[in-house]
Amino acid sequence: MNGLDYRMRRILNPGTGRSLVIAIDHGYALGPIAGIVDIGKTIRELDATGKVDAWLLTGGVFRYAFDPTGNPGVILRISGGATIAGPDITREGVVSSVNEGLALAADAVAVSAFIGSQYEHETLLGLARTAEECHRWNMPLLGVIGLGKEVGEKKHDAQFIALGARVAAEHGADMVKTYYTEKDFEKVVSGCPVPVLIAGGPKCDTDIDTLEMIYGALQGGARGIVMGRNIWQSPHPAQLLDAAWHLIHADFTVKEAAQLLSDSINS
């Protein structure tokens with residue numbers, strides 16, 4: 001087993017080939033939003049479930065707020081440089097390095113590419129250059145697909161989402177985080193030669209909606225989730241996390257996961 005394979009096994013459970021990744025990197029662009037205002041508390045509460053395979057987080061949070069009791073995988077976000085207050089949140093660049101990931105003992109790094117935005121070219125170059133550096137050190141790269149506001153309405157278009165996933169893999173990503181499409185999601189997965197994990201996207205209306213999205217993605221071939229606000233903005237984040245774990249790693253149906261969620265909330 002080489003270093004790349006070893007690190008990938010820290011992200012994707014070797015028993016199921018799937019992963020439950022909790023994203024807590026939102027503050028790099030959105031600041032202290034609901035659910036991660038006290039980010040250390042959020043980490044502790046979700047970590048206590050023992051059901052997080054890996055965390056997607058920034059270097060700042062890793063250094064000052066990340067203290068898990070176990071030994072989960074870590075994906076270090078190394079792109080950024082734009083916020084919701086600025087002129088264009090898609091104007092990201094690579095703000096850190098693979099070397100920092102190695103120094104922090106991360107198992108993978110993550111870089112965004114914004115397909116269909118005016119900064120598509122720059123962000124894809126950042127992804128490709130990071131991939132070259134990652135592969136020199138056998139460090140996996142998660143390509144995080146974002147959409148420019150010019151094409152935001154295509155978030156549910158399987159053909160367009162398939163384009164972004166394939167492009168990320170072609171530029172060197174070892175895993176891809178992208179949006180779930182209720183229709184034809186299997187085409188997104190079949191067109192991408194590396195594992196596809198779904199983002200949560202905007203907050204779902206209910207926890208059952210979140211479970212249905214995860215289940216649909218898994219049925220379409222996704223290898224798991226990289227999800228944030230749909231877990232930690234839930235009224236019952238730890239219980240929802242447990243239910244999601246059972247969808248991903250125990251092949252629960254939505255009905256079974258929903259019953260587990262209800263039982264755990266009411267117990």
# chains A, B, ... in the order shown; residues from 1 in each chain; ligands from 1
>>> closest_atom_pairs(of="segment 12-68 of chain A", to="segment 78-93 of chain A", cutoff="7 Å", atoms="only C-alpha atoms", output="tab-separated table")
residue	atom	partner	partner_atom	distance
A:Tyr28	CA	A:Gly80	CA	6.9
A:Ala29	CA	A:Thr83	CA	4.1
A:Leu30	CA	A:Ile84	CA	5.8
>>> write_last_selection(atoms="all heavy atoms", output="PDB file, in the first residue's frame")
ATOM      1  N   TYR A  28     -14.761  30.235   6.570  1.00  0.00           N
ATOM      2  CA  TYR A  28     -13.719  30.907   5.789  1.00  0.00           C
ATOM      3  C   TYR A  28     -14.309  31.959   4.854  1.00  0.00           C
ATOM      4  O   TYR A  28     -13.633  32.919   4.482  1.00  0.00           O
ATOM      5  CB  TYR A  28     -12.895  29.888   5.006  1.00  0.00           C
ATOM      6  CG  TYR A  28     -13.476  29.492   3.668  1.00  0.00           C
ATOM      7  CD1 TYR A  28     -12.935  29.990   2.483  1.00  0.00           C
ATOM      8  CD2 TYR A  28     -14.558  28.632   3.584  1.00  0.00           C
ATOM      9  CE1 TYR A  28     -13.465  29.640   1.262  1.00  0.00           C
ATOM     10  CE2 TYR A  28     -15.094  28.276   2.370  1.00  0.00           C
ATOM     11  CZ  TYR A  28     -14.548  28.779   1.204  1.00  0.00           C
ATOM     12  OH  TYR A  28     -15.082  28.432  -0.007  1.00  0.00           O
ATOM     13  N   ALA A  29     -15.576  31.778   4.476  1.00  0.00           N
ATOM     14  CA  ALA A  29     -16.226  32.732   3.570  1.00  0.00           C
ATOM     15  C   ALA A  29     -17.488  33.343   4.159  1.00  0.00           C
ATOM     16  O   ALA A  29     -17.871  34.444   3.784  1.00  0.00           O
ATOM     17  CB  ALA A  29     -16.572  32.045   2.254  1.00  0.00           C
ATOM     18  N   LEU A  30     -18.133  32.627   5.090  1.00  0.00           N
ATOM     19  CA  LEU A  30     -19.426  33.077   5.622  1.00  0.00           C
ATOM     20  C   LEU A  30     -19.345  33.582   7.051  1.00  0.00           C
ATOM     21  O   LEU A  30     -20.321  34.141   7.564  1.00  0.00           O
ATOM     22  CB  LEU A  30     -20.445  31.926   5.550  1.00  0.00           C
ATOM     23  CG  LEU A  30     -20.653  31.287   4.176  1.00  0.00           C
ATOM     24  CD1 LEU A  30     -21.678  30.159   4.279  1.00  0.00           C
ATOM     25  CD2 LEU A  30     -21.086  32.313   3.149  1.00  0.00           C
TER      26      LEU A  30
END
>>> residues_around(residues="Gly70 of chain A", least_positions_apart="6", cutoff="10 Å", atoms="only C-alpha atoms", output="list in words")
Asp47, Ala48, Gly50 and Val52 of chain A
>>> write_last_selection(atoms="N, CA, C and O atoms", output="short mmCIF file (atom, residue, chain, number, x, y, z; two decimals), in the first residue's frame")
data_model
loop_
_atom_site.label_atom_id
_atom_site.label_comp_id
_atom_site.auth_asym_id
_atom_site.auth_seq_id
_atom_site.Cartn_x
_atom_site.Cartn_y
_atom_site.Cartn_z
N ASP A 47 -18.46 14.91 17.31
CA ASP A 47 -17.39 13.93 17.53
C ASP A 47 -17.81 12.88 18.55
O ASP A 47 -17.45 11.70 18.43
N ALA A 48 -18.60 13.30 19.54
CA ALA A 48 -19.00 12.38 20.61
C ALA A 48 -19.85 11.21 20.09
O ALA A 48 -19.95 10.18 20.76
N GLY A 50 -19.12 9.40 17.56
CA GLY A 50 -18.24 8.39 17.00
C GLY A 50 -18.58 8.00 15.58
O GLY A 50 -18.10 6.99 15.07
N VAL A 52 -18.32 10.16 12.74
CA VAL A 52 -17.73 11.00 11.70
C VAL A 52 -16.49 10.30 11.15
O VAL A 52 -15.53 10.06 11.88
#
>>> closest_residue(among="A:Ile11, A:Ile265, A:Val151, A:Ile43", to="Gly116 of chain A", atoms="only C-alpha atoms")
A:Val151
>>> residues_around(residues="Ala128 of chain A", least_positions_apart="3", cutoff="8 Å", atoms="only C-alpha atoms", output="list in words")
Leu124, Leu125, Ala131, Glu132, His171, Gly172 and Ala173 of chain A
>>> write_last_selection(atoms="N, CA and C atoms", output="CSV table (one decimal), in the first residue's frame")
chain,number,residue,atom,x,y,z
A,124,LEU,N,-9.7,26.4,-11.8
A,124,LEU,CA,-9.3,25.2,-12.3
A,124,LEU,C,-7.8,25.0,-12.4
A,125,LEU,N,-7.1,26.1,-12.7
A,125,LEU,CA,-5.7,26.1,-12.7
A,125,LEU,C,-5.2,25.9,-11.3
A,131,ALA,N,-3.1,19.5,-7.6
A,131,ALA,CA,-3.1,18.1,-7.9
A,131,ALA,C,-1.7,17.6,-8.2
A,132,GLU,N,-0.9,18.4,-8.9
A,132,GLU,CA,0.5,18.0,-9.2
A,132,GLU,C,1.3,18.0,-8.0
A,171,HIS,N,-8.7,17.2,-14.1
A,171,HIS,CA,-7.6,18.2,-13.6
A,171,HIS,C,-6.9,17.6,-12.4
A,172,GLY,N,-7.1,16.4,-12.0
A,172,GLY,CA,-6.3,15.8,-11.0
A,172,GLY,C,-6.9,15.4,-9.7
A,173,ALA,N,-8.2,15.7,-9.5
A,173,ALA,CA,-8.8,15.4,-8.2
A,173,ALA,C,-8.9,13.9,-8.0
>>> atom_distance(atom1="atom CA of Leu142 of chain A", atom2="atom CA of Ala65 of chain A")
22.2 Å
>>> select_by_dssp(residues="segment 174-217 of chain A", states="alpha helix (DSSP H)", output="MDAnalysis selection string")
chainID A and resid 185:190 207:217
>>> residues_around(residues="segment 222-235 of chain A", least_positions_apart="5", cutoff="7 Å", atoms="only C-alpha atoms", output="list in words")
Gly17, Arg18, Ser19, Leu20, Val21, Ile22, Ala23, Ile24, Ala34, Gly35, Lys177, Val189, Pro195, Val196, Leu197, Ile198, Ala199, Gly200, Lys203, Cys204, Asp207, Thr210, Ala217, Leu240, Leu241 and Ile248 of chain A
>>> write_last_selection(atoms="C-alpha atoms", output="PDB file, in the first residue's frame")
ATOM      1  CA  GLY A  17     -15.969   2.132   0.461  1.00  0.00           C
ATOM      2  CA  ARG A  18     -18.093   5.064   1.617  1.00  0.00           C
ATOM      3  CA  SER A  19     -17.565   8.094   3.805  1.00  0.00           C
ATOM      4  CA  LEU A  20     -19.437  10.428   6.107  1.00  0.00           C
ATOM      5  CA  VAL A  21     -17.517  13.697   6.055  1.00  0.00           C
ATOM      6  CA  ILE A  22     -18.690  16.649   8.133  1.00  0.00           C
ATOM      7  CA  ALA A  23     -17.824  19.992   6.567  1.00  0.00           C
ATOM      8  CA  ILE A  24     -17.099  22.795   9.028  1.00  0.00           C
ATOM      9  CA  ALA A  34     -25.702  29.487  12.926  1.00  0.00           C
ATOM     10  CA  GLY A  35     -24.513  26.047  13.949  1.00  0.00           C
ATOM     11  CA  LYS A 177     -17.568  16.909  -3.872  1.00  0.00           C
ATOM     12  CA  VAL A 189     -21.253   9.200 -11.073  1.00  0.00           C
ATOM     13  CA  PRO A 195     -15.309   8.757  -5.994  1.00  0.00           C
ATOM     14  CA  VAL A 196     -18.176  11.269  -5.903  1.00  0.00           C
ATOM     15  CA  LEU A 197     -19.453  12.595  -2.581  1.00  0.00           C
ATOM     16  CA  ILE A 198     -22.394  14.955  -2.352  1.00  0.00           C
ATOM     17  CA  ALA A 199     -22.528  18.386  -0.801  1.00  0.00           C
ATOM     18  CA  GLY A 200     -25.496  19.348   1.321  1.00  0.00           C
ATOM     19  CA  LYS A 203     -30.365  23.918   4.153  1.00  0.00           C
ATOM     20  CA  CYS A 204     -33.099  21.322   3.602  1.00  0.00           C
ATOM     21  CA  ASP A 207     -34.284  16.310   8.498  1.00  0.00           C
ATOM     22  CA  THR A 210     -31.775  15.465   4.245  1.00  0.00           C
ATOM     23  CA  ALA A 217     -27.340   9.938  -3.850  1.00  0.00           C
ATOM     24  CA  LEU A 240     -29.423  13.146  12.466  1.00  0.00           C
ATOM     25  CA  LEU A 241     -25.731  12.349  12.090  1.00  0.00           C
ATOM     26  CA  ILE A 248     -24.204   5.295   4.458  1.00  0.00           C
TER      27      ILE A 248
END
>>> residues_around(residues="Ala162 of chain A", least_positions_apart="4", cutoff="7 Å", atoms="only C-alpha atoms", output="list in words")
Ala158, Arg166, Lys187, Val188 and Gly191 of chain A
>>> closest_residue(among="A:Arg77, A:Lys255, A:His26, A:Lys149", to="Val109 of chain A", atoms="only C-alpha atoms")
A:Arg77
>>> closest_residue(among="A:Glu45, A:Asp107, A:Glu100, A:Glu170", to="Asp67 of chain A", atoms="only C-alpha atoms")
A:Glu45
>>> closest_residue(among="A:Ala257, A:Ala54, A:Glu186, A:Thr42", to="Asp209 of chain A", atoms="only C-alpha atoms")
A:Ala257
>>> closest_residue(among="A:Glu120, A:Glu153, A:Asp53, A:Asp38", to="His249 of chain A", atoms="only C-alpha atoms")
A:Asp53
>>> closest_residue(among="A:Pro72, A:Asn99, A:Gln118, A:Tyr179", to="Leu46 of chain A", atoms="only C-alpha atoms")
A:Pro72
>>> atom_distance(atom1="atom CA of Leu247 of chain A", atom2="atom CA of Ile214 of chain A")
7.6 Å
